[in-house]
file protein_0.cif (mmCIF, C-alpha atoms and all ligand atoms)
data_entry
loop_
_atom_site.group_PDB
_atom_site.id
_atom_site.type_symbol
_atom_site.label_atom_id
_atom_site.label_comp_id
_atom_site.auth_asym_id
_atom_site.auth_seq_id
_atom_site.Cartn_x
_atom_site.Cartn_y
_atom_site.Cartn_z
ATOM 1 C CA MET A 1 0.000 0.000 0.000
ATOM 2 C CA SER A 2 1.471 3.362 -0.978
ATOM 3 C CA GLU A 3 1.422 6.317 1.377
ATOM 4 C CA TYR A 4 -1.178 7.950 -0.898
ATOM 5 C CA ASP A 5 -3.755 5.123 -0.968
ATOM 6 C CA TYR A 6 -5.691 6.726 1.856
ATOM 7 C CA PHE A 7 -6.670 9.549 -0.471
ATOM 8 C CA ARG A 8 -8.037 7.242 -3.204
ATOM 9 C CA LEU A 9 -7.545 9.325 -6.353
ATOM 10 C CA LYS A 10 -7.304 6.372 -8.742
ATOM 11 C CA GLY A 11 -9.777 6.708 -11.581
ATOM 12 C CA HIS A 12 -9.846 10.510 -11.423
ATOM 13 C CA THR A 13 -8.578 12.882 -14.084
ATOM 14 C CA ALA A 14 -7.114 16.192 -12.916
ATOM 15 C CA LEU A 15 -6.370 19.357 -14.883
ATOM 16 C CA ILE A 16 -3.426 21.386 -13.557
ATOM 17 C CA THR A 17 -2.853 24.837 -15.027
ATOM 18 C CA GLY A 18 0.663 26.249 -14.917
ATOM 19 C CA ALA A 19 2.118 22.735 -14.741
ATOM 20 C CA SER A 20 5.312 23.658 -16.590
ATOM 21 C CA SER A 21 7.178 24.928 -13.506
ATOM 22 C CA GLY A 22 7.147 25.626 -9.797
ATOM 23 C CA LEU A 23 4.165 24.661 -7.688
ATOM 24 C CA GLY A 24 2.052 23.446 -10.619
ATOM 25 C CA LYS A 25 4.728 20.983 -11.711
ATOM 26 C CA HIS A 26 4.858 19.580 -8.197
ATOM 27 C CA PHE A 27 1.058 19.408 -7.911
ATOM 28 C CA ALA A 28 0.991 17.393 -11.150
ATOM 29 C CA GLU A 29 3.663 14.982 -9.892
ATOM 30 C CA THR A 30 1.859 14.535 -6.571
ATOM 31 C CA LEU A 31 -1.570 13.916 -8.103
ATOM 32 C CA ALA A 32 -0.057 11.486 -10.611
ATOM 33 C CA ALA A 33 1.653 9.611 -7.751
ATOM 34 C CA ALA A 34 -1.728 9.470 -6.017
ATOM 35 C CA GLY A 35 -3.238 7.734 -9.053
ATOM 36 C CA CYS A 36 -4.791 10.551 -11.095
ATOM 37 C CA ILE A 37 -4.448 10.884 -14.815
ATOM 38 C CA VAL A 38 -3.041 14.402 -15.070
ATOM 39 C CA GLY A 39 -3.718 16.972 -17.773
ATOM 40 C CA LEU A 40 -0.684 19.265 -17.845
ATOM 41 C CA ALA A 41 -1.602 22.749 -19.089
ATOM 42 C CA ALA A 42 0.665 25.718 -19.830
ATOM 43 C CA ARG A 43 2.122 27.605 -22.796
ATOM 44 C CA ARG A 44 5.655 26.086 -22.754
ATOM 45 C CA THR A 45 4.871 22.632 -24.091
ATOM 46 C CA GLU A 46 8.522 21.535 -24.184
ATOM 47 C CA LYS A 47 8.542 21.712 -20.371
ATOM 48 C CA LEU A 48 5.248 19.815 -20.206
ATOM 49 C CA VAL A 49 6.553 17.075 -22.517
ATOM 50 C CA GLU A 50 9.569 16.626 -20.236
ATOM 51 C CA LEU A 51 7.340 16.468 -17.147
ATOM 52 C CA ALA A 52 4.960 14.006 -18.820
ATOM 53 C CA GLY A 53 7.963 11.796 -19.609
ATOM 54 C CA ASN A 54 9.037 11.832 -15.942
ATOM 55 C CA ILE A 55 5.513 11.051 -14.747
ATOM 56 C CA GLU A 56 5.145 8.172 -17.220
ATOM 57 C CA ALA A 57 8.563 6.815 -16.170
ATOM 58 C CA GLN A 58 7.152 6.615 -12.617
ATOM 59 C CA GLY A 59 4.141 4.631 -13.886
ATOM 60 C CA GLY A 60 1.694 7.551 -14.139
ATOM 61 C CA THR A 61 -0.335 8.899 -17.041
ATOM 62 C CA ALA A 62 -0.003 12.501 -18.239
ATOM 63 C CA ILE A 63 -1.515 14.394 -21.154
ATOM 64 C CA VAL A 64 0.176 17.536 -22.471
ATOM 65 C CA LEU A 65 -2.197 20.420 -23.230
ATOM 66 C CA GLN A 66 -0.963 23.632 -24.780
ATOM 67 C CA MET A 67 -3.140 26.196 -23.069
ATOM 68 C CA ASP A 68 -3.012 29.927 -22.549
ATOM 69 C CA VAL A 69 -5.470 30.296 -19.689
ATOM 70 C CA THR A 70 -6.157 33.916 -20.664
ATOM 71 C CA ASP A 71 -7.522 32.681 -24.005
ATOM 72 C CA ILE A 72 -10.891 30.997 -23.482
ATOM 73 C CA LYS A 73 -10.645 29.209 -26.849
ATOM 74 C CA THR A 74 -7.503 27.320 -25.820
ATOM 75 C CA VAL A 75 -9.026 26.537 -22.412
ATOM 76 C CA ASP A 76 -12.122 25.005 -24.023
ATOM 77 C CA ALA A 77 -10.045 23.138 -26.608
ATOM 78 C CA GLY A 78 -7.735 21.757 -23.905
ATOM 79 C CA LEU A 79 -10.628 20.598 -21.751
ATOM 80 C CA THR A 80 -12.311 18.935 -24.727
ATOM 81 C CA ARG A 81 -9.117 17.103 -25.658
ATOM 82 C CA LEU A 82 -8.437 15.984 -22.081
ATOM 83 C CA THR A 83 -12.000 14.686 -21.787
ATOM 84 C CA GLU A 84 -11.703 12.752 -25.067
ATOM 85 C CA VAL A 85 -8.428 11.145 -24.057
ATOM 86 C CA ALA A 86 -8.860 10.635 -20.305
ATOM 87 C CA GLY A 87 -12.470 11.382 -19.350
ATOM 88 C CA LEU A 88 -13.958 14.534 -17.864
ATOM 89 C CA PRO A 89 -11.613 15.966 -15.215
ATOM 90 C CA THR A 90 -13.173 15.935 -11.755
ATOM 91 C CA ILE A 91 -10.276 17.819 -10.150
ATOM 92 C CA LEU A 92 -9.030 21.242 -11.233
ATOM 93 C CA ILE A 93 -5.928 22.898 -9.848
ATOM 94 C CA ASN A 94 -6.316 26.546 -10.836
ATOM 95 C CA ASN A 95 -2.630 27.348 -10.376
ATOM 96 C CA ALA A 96 -1.253 29.449 -13.269
ATOM 97 C CA GLY A 97 -0.357 32.870 -11.955
ATOM 98 C CA THR A 98 2.080 35.742 -12.044
ATOM 99 C CA ALA A 99 3.178 38.763 -10.020
ATOM 100 C CA ALA A 100 4.260 42.283 -10.896
ATOM 101 C CA PRO A 101 6.711 43.885 -8.478
ATOM 102 C CA ALA A 102 5.080 47.307 -8.449
ATOM 103 C CA SER A 103 3.359 49.447 -5.850
ATOM 104 C CA PHE A 104 -0.090 50.895 -6.541
ATOM 105 C CA LEU A 105 1.291 54.296 -7.635
ATOM 106 C CA ASP A 106 3.948 52.776 -9.892
ATOM 107 C CA ALA A 107 1.969 49.955 -11.529
ATOM 108 C CA SER A 108 1.541 50.450 -15.282
ATOM 109 C CA PRO A 109 -1.838 49.769 -16.925
ATOM 110 C CA GLU A 110 -0.296 46.870 -18.896
ATOM 111 C CA GLN A 111 1.238 45.204 -15.805
ATOM 112 C CA THR A 112 -1.991 45.575 -13.859
ATOM 113 C CA ALA A 113 -4.137 44.213 -16.676
ATOM 114 C CA ASP A 114 -1.811 41.215 -17.125
ATOM 115 C CA VAL A 115 -1.876 40.301 -13.425
ATOM 116 C CA PHE A 116 -5.654 40.623 -13.159
ATOM 117 C CA ALA A 117 -6.173 38.673 -16.413
ATOM 118 C CA LEU A 118 -3.994 35.742 -15.339
ATOM 119 C CA ASN A 119 -4.654 35.589 -11.586
ATOM 120 C CA GLN A 120 -8.290 36.606 -11.455
ATOM 121 C CA THR A 121 -10.140 36.345 -14.766
ATOM 122 C CA ALA A 122 -8.442 33.189 -16.079
ATOM 123 C CA PRO A 123 -9.209 30.990 -13.014
ATOM 124 C CA TRP A 124 -12.823 32.154 -13.298
ATOM 125 C CA HIS A 125 -13.043 31.065 -16.958
ATOM 126 C CA VAL A 126 -11.200 27.779 -16.454
ATOM 127 C CA ALA A 127 -13.457 26.880 -13.500
ATOM 128 C CA GLN A 128 -16.562 27.981 -15.401
ATOM 129 C CA SER A 129 -15.699 25.955 -18.491
ATOM 130 C CA LEU A 130 -15.089 22.808 -16.423
ATOM 131 C CA CYS A 131 -18.020 23.297 -14.024
ATOM 132 C CA ARG A 132 -20.526 23.711 -16.867
ATOM 133 C CA ARG A 133 -19.362 20.348 -18.214
ATOM 134 C CA LEU A 134 -19.531 18.729 -14.763
ATOM 135 C CA VAL A 135 -23.054 20.041 -14.187
ATOM 136 C CA ASP A 136 -24.199 18.828 -17.630
ATOM 137 C CA ALA A 137 -22.702 15.408 -16.892
ATOM 138 C CA LYS A 138 -24.160 15.403 -13.335
ATOM 139 C CA THR A 139 -20.665 14.655 -12.051
ATOM 140 C CA ALA A 140 -19.114 15.754 -8.754
ATOM 141 C CA GLY A 141 -15.880 17.726 -8.742
ATOM 142 C CA SER A 142 -13.250 19.441 -6.625
ATOM 143 C CA ILE A 143 -11.878 22.824 -7.661
ATOM 144 C CA ILE A 144 -8.700 23.953 -5.898
ATOM 145 C CA ASN A 145 -7.657 27.547 -6.414
ATOM 146 C CA ILE A 146 -4.051 28.436 -5.642
ATOM 147 C CA ALA A 147 -4.395 31.737 -3.830
ATOM 148 C CA SER A 148 -1.704 33.150 -1.514
ATOM 149 C CA ILE A 149 -1.382 34.389 2.034
ATOM 150 C CA THR A 150 -1.339 37.817 0.389
ATOM 151 C CA GLY A 151 -5.006 37.244 -0.451
ATOM 152 C CA LEU A 152 -5.635 37.128 3.300
ATOM 153 C CA ARG A 153 -3.251 39.902 4.436
ATOM 154 C CA THR A 154 -1.411 42.735 2.696
ATOM 155 C CA ILE A 155 2.176 43.288 1.616
ATOM 156 C CA GLY A 156 3.637 46.382 -0.012
ATOM 157 C CA GLY A 157 5.176 46.535 -3.469
ATOM 158 C CA ALA A 158 2.963 44.055 -5.312
ATOM 159 C CA ALA A 159 -0.436 45.729 -5.135
ATOM 160 C CA SER A 160 -2.072 44.117 -8.177
ATOM 161 C CA TYR A 161 -0.951 40.646 -7.033
ATOM 162 C CA VAL A 162 -2.426 41.149 -3.553
ATOM 163 C CA VAL A 163 -5.734 42.387 -4.969
ATOM 164 C CA SER A 164 -5.910 39.535 -7.509
ATOM 165 C CA LYS A 165 -5.337 36.895 -4.825
ATOM 166 C CA ALA A 166 -7.947 38.467 -2.541
ATOM 167 C CA ALA A 167 -10.363 38.252 -5.482
ATOM 168 C CA LEU A 168 -9.489 34.570 -5.908
ATOM 169 C CA VAL A 169 -10.224 33.958 -2.223
ATOM 170 C CA GLN A 170 -13.647 35.570 -2.575
ATOM 171 C CA MET A 171 -14.251 33.697 -5.854
ATOM 172 C CA THR A 172 -13.541 30.456 -3.986
ATOM 173 C CA LYS A 173 -16.287 31.252 -1.483
ATOM 174 C CA VAL A 174 -18.952 32.387 -3.924
ATOM 175 C CA LEU A 175 -18.362 29.431 -6.257
ATOM 176 C CA ALA A 176 -18.570 27.108 -3.252
ATOM 177 C CA LEU A 177 -21.919 28.660 -2.385
ATOM 178 C CA GLU A 178 -23.359 28.348 -5.892
ATOM 179 C CA LEU A 179 -21.926 24.949 -6.808
ATOM 180 C CA ALA A 180 -22.563 22.947 -3.634
ATOM 181 C CA ARG A 181 -25.991 21.912 -4.973
ATOM 182 C CA HIS A 182 -24.183 20.378 -7.953
ATOM 183 C CA ASN A 183 -21.813 18.418 -5.732
ATOM 184 C CA ILE A 184 -18.858 20.509 -6.815
ATOM 185 C CA ARG A 185 -16.614 21.608 -3.960
ATOM 186 C CA VAL A 186 -14.455 24.712 -4.268
ATOM 187 C CA ASN A 187 -11.569 25.370 -1.902
ATOM 188 C CA ALA A 188 -8.260 27.217 -1.998
ATOM 189 C CA ILE A 189 -4.721 26.740 -0.790
ATOM 190 C CA ALA A 190 -2.957 29.913 0.352
ATOM 191 C CA PRO A 191 0.781 29.229 0.202
ATOM 192 C CA GLY A 192 3.286 31.343 2.061
ATOM 193 C CA TYR A 193 6.743 31.657 0.479
ATOM 194 C CA PHE A 194 8.017 28.814 -1.737
ATOM 195 C CA GLU A 195 11.067 29.396 -3.909
ATOM 196 C CA THR A 196 10.127 29.192 -7.618
ATOM 197 C CA ASP A 197 10.823 31.126 -10.839
ATOM 198 C CA LEU A 198 8.182 33.600 -9.638
ATOM 199 C CA ASN A 199 10.122 34.855 -6.625
ATOM 200 C CA ARG A 200 13.617 33.255 -6.641
ATOM 201 C CA ASP A 201 15.474 36.555 -7.130
ATOM 202 C CA PHE A 202 13.504 38.256 -4.380
ATOM 203 C CA LEU A 203 13.744 35.387 -1.880
ATOM 204 C CA GLN A 204 17.498 35.175 -2.386
ATOM 205 C CA SER A 205 17.914 38.931 -1.840
ATOM 206 C CA GLU A 206 18.608 40.414 1.593
ATOM 207 C CA ALA A 207 15.022 41.749 1.762
ATOM 208 C CA GLY A 208 13.652 38.287 0.968
ATOM 209 C CA GLN A 209 15.882 36.574 3.518
ATOM 210 C CA LYS A 210 14.719 39.086 6.129
ATOM 211 C CA ILE A 211 11.106 38.061 5.500
ATOM 212 C CA ILE A 212 11.951 34.361 5.768
ATOM 213 C CA ARG A 213 13.691 34.966 9.111
ATOM 214 C CA ARG A 214 10.394 36.386 10.393
ATOM 215 C CA VAL A 215 8.384 33.268 9.458
ATOM 216 C CA PRO A 216 7.683 31.482 12.768
ATOM 217 C CA MET A 217 9.090 28.219 11.338
ATOM 218 C CA ARG A 218 12.190 30.164 10.129
ATOM 219 C CA ARG A 219 12.231 28.816 6.591
ATOM 220 C CA SER A 220 10.488 29.032 3.235
ATOM 221 C CA GLY A 221 8.291 26.116 2.186
ATOM 222 C CA SER A 222 9.490 23.064 0.322
ATOM 223 C CA MET A 223 7.182 21.699 -2.362
ATOM 224 C CA GLU A 224 6.270 18.602 -0.335
ATOM 225 C CA ASP A 225 4.887 20.858 2.410
ATOM 226 C CA LEU A 226 1.887 21.431 0.116
ATOM 227 C CA ASP A 227 1.038 17.748 -0.394
ATOM 228 C CA GLY A 228 -1.212 17.319 2.634
ATOM 229 C CA ALA A 229 -3.511 20.215 1.766
ATOM 230 C CA LEU A 230 -3.531 19.290 -1.934
ATOM 231 C CA LEU A 231 -4.443 15.631 -1.426
ATOM 232 C CA LEU A 232 -6.957 16.423 1.292
ATOM 233 C CA LEU A 233 -8.838 18.913 -0.893
ATOM 234 C CA ALA A 234 -8.602 16.778 -4.050
ATOM 235 C CA SER A 235 -9.907 13.634 -2.389
ATOM 236 C CA GLU A 236 -13.173 12.479 -0.886
ATOM 237 C CA ARG A 237 -11.542 12.836 2.532
ATOM 238 C CA SER A 238 -12.626 16.489 2.393
ATOM 239 C CA ARG A 239 -16.107 15.688 1.072
ATOM 240 C CA PHE A 240 -17.849 18.020 3.583
ATOM 241 C CA MET A 241 -15.392 20.887 3.047
ATOM 242 C CA THR A 242 -16.192 23.670 0.622
ATOM 243 C CA GLY A 243 -15.453 27.394 0.539
ATOM 244 C CA ASN A 244 -12.345 26.962 2.695
ATOM 245 C CA VAL A 245 -8.965 28.602 2.276
ATOM 246 C CA ILE A 246 -6.105 26.616 3.794
ATOM 247 C CA PRO A 247 -2.886 28.539 4.482
ATOM 248 C CA VAL A 248 0.345 26.526 4.153
ATOM 249 C CA ASP A 249 2.858 29.057 5.386
ATOM 250 C CA GLY A 250 4.968 27.928 8.358
ATOM 251 C CA GLY A 251 2.891 30.208 10.592
ATOM 252 C CA HIS A 252 3.507 33.347 8.526
ATOM 253 C CA LEU A 253 -0.084 34.584 8.832
ATOM 254 C CA VAL A 254 -0.190 34.288 12.610
ATOM 255 C CA SER A 255 3.135 36.105 13.018
ATOM 256 C CA GLY A 256 1.504 39.451 12.279
ATOM 257 C CA LEU A 257 4.708 40.485 10.456
HETATM 258 N N1 LIG A 301 5.941 30.550 -5.104
HETATM 259 C C1 LIG A 301 5.288 31.068 -4.068
HETATM 260 O O1 LIG A 301 5.889 31.381 -3.022
HETATM 261 C C2 LIG A 301 3.812 31.275 -4.141
HETATM 262 C C3 LIG A 301 3.154 31.724 -2.987
HETATM 263 C C4 LIG A 301 1.785 31.913 -3.022
HETATM 264 C C5 LIG A 301 1.085 31.649 -4.169
HETATM 265 N N2 LIG A 301 1.745 31.210 -5.303
HETATM 266 C C6 LIG A 301 0.953 30.958 -6.489
HETATM 267 O O2 LIG A 301 1.274 29.704 -7.020
HETATM 268 C C7 LIG A 301 1.006 29.711 -8.426
HETATM 269 C C8 LIG A 301 2.210 29.156 -9.166
HETATM 270 O O3 LIG A 301 3.301 30.026 -8.957
HETATM 271 P P1 LIG A 301 4.826 29.545 -8.985
HETATM 272 O O4 LIG A 301 5.473 30.156 -7.819
HETATM 273 O O5 LIG A 301 4.891 28.091 -9.187
HETATM 274 O O6 LIG A 301 5.349 30.350 -10.270
HETATM 275 P P2 LIG A 301 6.042 29.870 -11.640
HETATM 276 O O7 LIG A 301 7.092 28.855 -11.376
HETATM 277 O O8 LIG A 301 6.416 31.145 -12.310
HETATM 278 O O9 LIG A 301 4.859 29.167 -12.420
HETATM 279 C C9 LIG A 301 3.850 29.892 -13.056
HETATM 280 C C10 LIG A 301 3.146 28.939 -14.003
HETATM 281 O O10 LIG A 301 2.048 29.643 -14.620
HETATM 282 C C11 LIG A 301 2.086 29.346 -15.995
HETATM 283 N N3 LIG A 301 1.473 30.404 -16.779
HETATM 284 C C12 LIG A 301 1.829 31.706 -16.819
HETATM 285 N N4 LIG A 301 1.048 32.358 -17.702
HETATM 286 C C13 LIG A 301 0.205 31.443 -18.240
HETATM 287 C C14 LIG A 301 -0.816 31.480 -19.206
HETATM 288 N N5 LIG A 301 -1.164 32.639 -19.814
HETATM 289 N N6 LIG A 301 -1.482 30.347 -19.536
HETATM 290 C C15 LIG A 301 -1.142 29.164 -18.935
HETATM 291 N N7 LIG A 301 -0.188 29.061 -17.993
HETATM 292 C C16 LIG A 301 0.483 30.185 -17.657
HETATM 293 C C17 LIG A 301 3.553 29.171 -16.347
HETATM 294 O O11 LIG A 301 3.685 28.339 -17.504
HETATM 295 P P3 LIG A 301 4.035 28.859 -18.986
HETATM 296 O O12 LIG A 301 4.924 30.048 -18.842
HETATM 297 O O13 LIG A 301 4.698 27.674 -19.600
HETATM 298 O O14 LIG A 301 2.708 29.164 -19.612
HETATM 299 C C18 LIG A 301 4.055 28.440 -15.108
HETATM 300 O O15 LIG A 301 3.870 27.052 -15.266
HETATM 301 C C19 LIG A 301 0.677 31.150 -8.792
HETATM 302 O O16 LIG A 301 -0.710 31.321 -8.870
HETATM 303 C C20 LIG A 301 1.247 31.945 -7.608
HETATM 304 O O17 LIG A 301 0.614 33.157 -7.418
HETATM 305 C C21 LIG A 301 3.096 31.020 -5.309
#
call {"tool": "encode", "arguments": {"input": "protein_0.cif", "output": "structure tokens"}}
result
Amino acid sequence: MSEYDYFRLKGHTALITGASSGLGKHFAETLAAAGCIVGLAARRTEKLVELAGNIEAQGGTAIVLQMDVTDIKTVDAGLTRLTEVAGLPTILINNAGTAAPASFLDASPEQTADVFALNQTAPWHVAQSLCRRLVDAKTAGSIINIASITGLRTIGGAASYVVSKAALVQMTKVLALELARHNIRVNAIAPGYFETDLNRDFLQSEAGQKIIRRVPMRRSGSMEDLDGALLLLASERSRFMTGNVIPVDGGHLVSGL
């Protein structure tokens, strides 16, 4: 019996957006190890092909989907293809996201529009496209939005990011409210600081290290720290949980700093 059997994800298909790097890549590997067929979505397909190869080498099944989540046409096409090949996904990890290092006064219209489009509007459309299919098929599902602790508190210098993640937190709750009657659960994970392409330069800087020293657990997260929340929310083990936001942050939120 593998350590993941308790979560019983065999027979499920999951769609992971932003699977080409960072957290999304790890979420895909974890769900595949737990028995899911994984649909890997992003724009850089060469990275997805490499990941799919690794997953298949471990005995999993992965389908590469070229998808720009800000383009509804590619979202719909990707979902249709995944459904044809692997069945309708019942798990969505709404993970693709970006940040712009700019304060409110400095943020350009282009930067702001890009952050809102990717972090706020795209998860809405991806969830909507999948949930309409799930409702039509009378099939239960679990939507997991990757928010951030900055959706629950504020930080300076990344105003559009903070606002977009707060919107994703509220979207999680309102979708949970409207979709519960369709047996679709909607929850979010709010990570603290995990070193990825998104923030590597900052976290390695003196300012970034100063923040990490203030985290009660005195470190940034490692990818595996997210597995418990991910597998709980993806599986039936959380069948009475919806509209929740689970921080995974080494105590960052309770530090008040
Ligand atoms: N790292 C952290 O500490 C942290 C903390 C809290 C929350 N988060 C959240 O976690 C999520 C993943 O971030 P990360 O740290 O793993 O960053 P990352 O390594 O930069 O990954 C971002 C992913 O989003 C994808 N993406 C970007 N634009 C896209 C588009 N238009 N269509 C489809 N995919 C797109 C990228 O793939 P392509 O470029 O190949 O399309 C990439 O796979 C984000 O939502 C982020 O806000 C991260």
call {"tool": "residues_near_ligand", "arguments": {"input": "protein_0.cif", "ligand": "ligand LIG 301 (chain A)", "cutoff": "7 Å", "atoms": "all atoms listed in the file", "output": "PDB file with C-alpha atoms, in the frame of the given file"}}
result
ATOM      1  CA  THR A  17      -2.853  24.837 -15.027  1.00  0.00           C
ATOM      2  CA  GLY A  18       0.663  26.249 -14.917  1.00  0.00           C
ATOM      3  CA  ALA A  19       2.118  22.735 -14.741  1.00  0.00           C
ATOM      4  CA  SER A  20       5.312  23.658 -16.590  1.00  0.00           C
ATOM      5  CA  SER A  21       7.178  24.928 -13.506  1.00  0.00           C
ATOM      6  CA  GLY A  22       7.147  25.626  -9.797  1.00  0.00           C
ATOM      7  CA  LEU A  23       4.165  24.661  -7.688  1.00  0.00           C
ATOM      8  CA  GLY A  24       2.052  23.446 -10.619  1.00  0.00           C
ATOM      9  CA  ALA A  41      -1.602  22.749 -19.089  1.00  0.00           C
ATOM     10  CA  ALA A  42       0.665  25.718 -19.830  1.00  0.00           C
ATOM     11  CA  ARG A  43       2.122  27.605 -22.796  1.00  0.00           C
ATOM     12  CA  ARG A  44       5.655  26.086 -22.754  1.00  0.00           C
ATOM     13  CA  THR A  45       4.871  22.632 -24.091  1.00  0.00           C
ATOM     14  CA  MET A  67      -3.140  26.196 -23.069  1.00  0.00           C
ATOM     15  CA  ASP A  68      -3.012  29.927 -22.549  1.00  0.00           C
ATOM     16  CA  VAL A  69      -5.470  30.296 -19.689  1.00  0.00           C
ATOM     17  CA  THR A  70      -6.157  33.916 -20.664  1.00  0.00           C
ATOM     18  CA  ASN A  95      -2.630  27.348 -10.376  1.00  0.00           C
ATOM     19  CA  ALA A  96      -1.253  29.449 -13.269  1.00  0.00           C
ATOM     20  CA  GLY A  97      -0.357  32.870 -11.955  1.00  0.00           C
ATOM     21  CA  THR A  98       2.080  35.742 -12.044  1.00  0.00           C
ATOM     22  CA  ALA A  99       3.178  38.763 -10.020  1.00  0.00           C
ATOM     23  CA  LEU A 118      -3.994  35.742 -15.339  1.00  0.00           C
ATOM     24  CA  ASN A 119      -4.654  35.589 -11.586  1.00  0.00           C
ATOM     25  CA  ILE A 146      -4.051  28.436  -5.642  1.00  0.00           C
ATOM     26  CA  ALA A 147      -4.395  31.737  -3.830  1.00  0.00           C
ATOM     27  CA  SER A 148      -1.704  33.150  -1.514  1.00  0.00           C
ATOM     28  CA  ILE A 149      -1.382  34.389   2.034  1.00  0.00           C
ATOM     29  CA  ALA A 190      -2.957  29.913   0.352  1.00  0.00           C
ATOM     30  CA  PRO A 191       0.781  29.229   0.202  1.00  0.00           C
ATOM     31  CA  GLY A 192       3.286  31.343   2.061  1.00  0.00           C
ATOM     32  CA  TYR A 193       6.743  31.657   0.479  1.00  0.00           C
ATOM     33  CA  PHE A 194       8.017  28.814  -1.737  1.00  0.00           C
ATOM     34  CA  GLU A 195      11.067  29.396  -3.909  1.00  0.00           C
ATOM     35  CA  THR A 196      10.127  29.192  -7.618  1.00  0.00           C
ATOM     36  CA  ASP A 197      10.823  31.126 -10.839  1.00  0.00           C
ATOM     37  CA  LEU A 198       8.182  33.600  -9.638  1.00  0.00           C
ATOM     38  CA  ASN A 199      10.122  34.855  -6.625  1.00  0.00           C
TER      39      ASN A 199
END
call {"tool": "resolve_selection", "arguments": {"input": "protein_0.cif", "expression": "the PyMOL selection byres (((chain A and resi 140) around 8) and not hetatm)", "output": "list in words"}}
result
Thr90, Leu134, Val135, Lys138, Thr139, Gly141, Ser142, His182, Asn183, Ile184 and Arg185 of chain A
call {"tool": "residues_around", "arguments": {"input": "protein_0.cif", "residues": "region 8-10 of chain A", "least_positions_apart": "4", "cutoff": "8 Å", "atoms": "only C-alpha atoms", "output": "ChimeraX atom specification"}}
result
/A:4,31,34-36,234-236
call {"tool": "residues_around", "arguments": {"input": "protein_0.cif", "residues": "region 81-89 of chain A", "least_positions_apart": "5", "cutoff": "7 Å", "atoms": "all atoms listed in the file", "output": "list in words"}}
result
His12, Thr13, Ala14, Leu15 and Gly39 of chain A
call {"tool": "resolve_selection", "arguments": {"input": "protein_0.cif", "expression": "the PyMOL selection byres (((chain A and resi 160-177) around 8) and not hetatm)", "output": "PDB file with C-alpha atoms, in the coordinates of the input"}}
result
ATOM      1  CA  THR A  98       2.080  35.742 -12.044  1.00  0.00           C
ATOM      2  CA  ALA A  99       3.178  38.763 -10.020  1.00  0.00           C
ATOM      3  CA  ALA A 100       4.260  42.283 -10.896  1.00  0.00           C
ATOM      4  CA  ALA A 102       5.080  47.307  -8.449  1.00  0.00           C
ATOM      5  CA  SER A 103       3.359  49.447  -5.850  1.00  0.00           C
ATOM      6  CA  PHE A 104      -0.090  50.895  -6.541  1.00  0.00           C
ATOM      7  CA  ALA A 107       1.969  49.955 -11.529  1.00  0.00           C
ATOM      8  CA  THR A 112      -1.991  45.575 -13.859  1.00  0.00           C
ATOM      9  CA  VAL A 115      -1.876  40.301 -13.425  1.00  0.00           C
ATOM     10  CA  PHE A 116      -5.654  40.623 -13.159  1.00  0.00           C
ATOM     11  CA  ASN A 119      -4.654  35.589 -11.586  1.00  0.00           C
ATOM     12  CA  GLN A 120      -8.290  36.606 -11.455  1.00  0.00           C
ATOM     13  CA  PRO A 123      -9.209  30.990 -13.014  1.00  0.00           C
ATOM     14  CA  TRP A 124     -12.823  32.154 -13.298  1.00  0.00           C
ATOM     15  CA  ASN A 145      -7.657  27.547  -6.414  1.00  0.00           C
ATOM     16  CA  ALA A 147      -4.395  31.737  -3.830  1.00  0.00           C
ATOM     17  CA  SER A 148      -1.704  33.150  -1.514  1.00  0.00           C
ATOM     18  CA  THR A 150      -1.339  37.817   0.389  1.00  0.00           C
ATOM     19  CA  GLY A 151      -5.006  37.244  -0.451  1.00  0.00           C
ATOM     20  CA  LEU A 152      -5.635  37.128   3.300  1.00  0.00           C
ATOM     21  CA  THR A 154      -1.411  42.735   2.696  1.00  0.00           C
ATOM     22  CA  ILE A 155       2.176  43.288   1.616  1.00  0.00           C
ATOM     23  CA  ALA A 158       2.963  44.055  -5.312  1.00  0.00           C
ATOM     24  CA  ALA A 159      -0.436  45.729  -5.135  1.00  0.00           C
ATOM     25  CA  GLU A 178     -23.359  28.348  -5.892  1.00  0.00           C
ATOM     26  CA  LEU A 179     -21.926  24.949  -6.808  1.00  0.00           C
ATOM     27  CA  ALA A 180     -22.563  22.947  -3.634  1.00  0.00           C
ATOM     28  CA  ILE A 184     -18.858  20.509  -6.815  1.00  0.00           C
ATOM     29  CA  ARG A 185     -16.614  21.608  -3.960  1.00  0.00           C
ATOM     30  CA  VAL A 186     -14.455  24.712  -4.268  1.00  0.00           C
ATOM     31  CA  ASN A 187     -11.569  25.370  -1.902  1.00  0.00           C
ATOM     32  CA  ALA A 188      -8.260  27.217  -1.998  1.00  0.00           C
ATOM     33  CA  THR A 242     -16.192  23.670   0.622  1.00  0.00           C
ATOM     34  CA  GLY A 243     -15.453  27.394   0.539  1.00  0.00           C
ATOM     35  CA  ASN A 244     -12.345  26.962   2.695  1.00  0.00           C
ATOM     36  CA  VAL A 245      -8.965  28.602   2.276  1.00  0.00           C
TER      37      VAL A 245
END
call {"tool": "closest_residue", "arguments": {"input": "protein_0.cif", "among": "A:Ser255, A:Thr80, A:Gln111, A:Thr30", "to": "Arg153 (chain A)", "atoms": "all atoms listed in the file"}}
result
A:Ser255
call {"tool": "atom_distance", "arguments": {"input": "protein_0.cif", "atom1": "CA of Leu92 (chain A)", "atom2": "CA of Ala77 (chain A)"}}
result
15.5 Å
call {"tool": "residues_around", "arguments": {"input": "protein_0.cif", "residues": "region 49-64 of chain A", "least_positions_apart": "3", "cutoff": "7 Å", "atoms": "all atoms listed in the file", "output": "PyMOL selection string"}}
result
chain A and resi 29+32-33+37-41+45-46
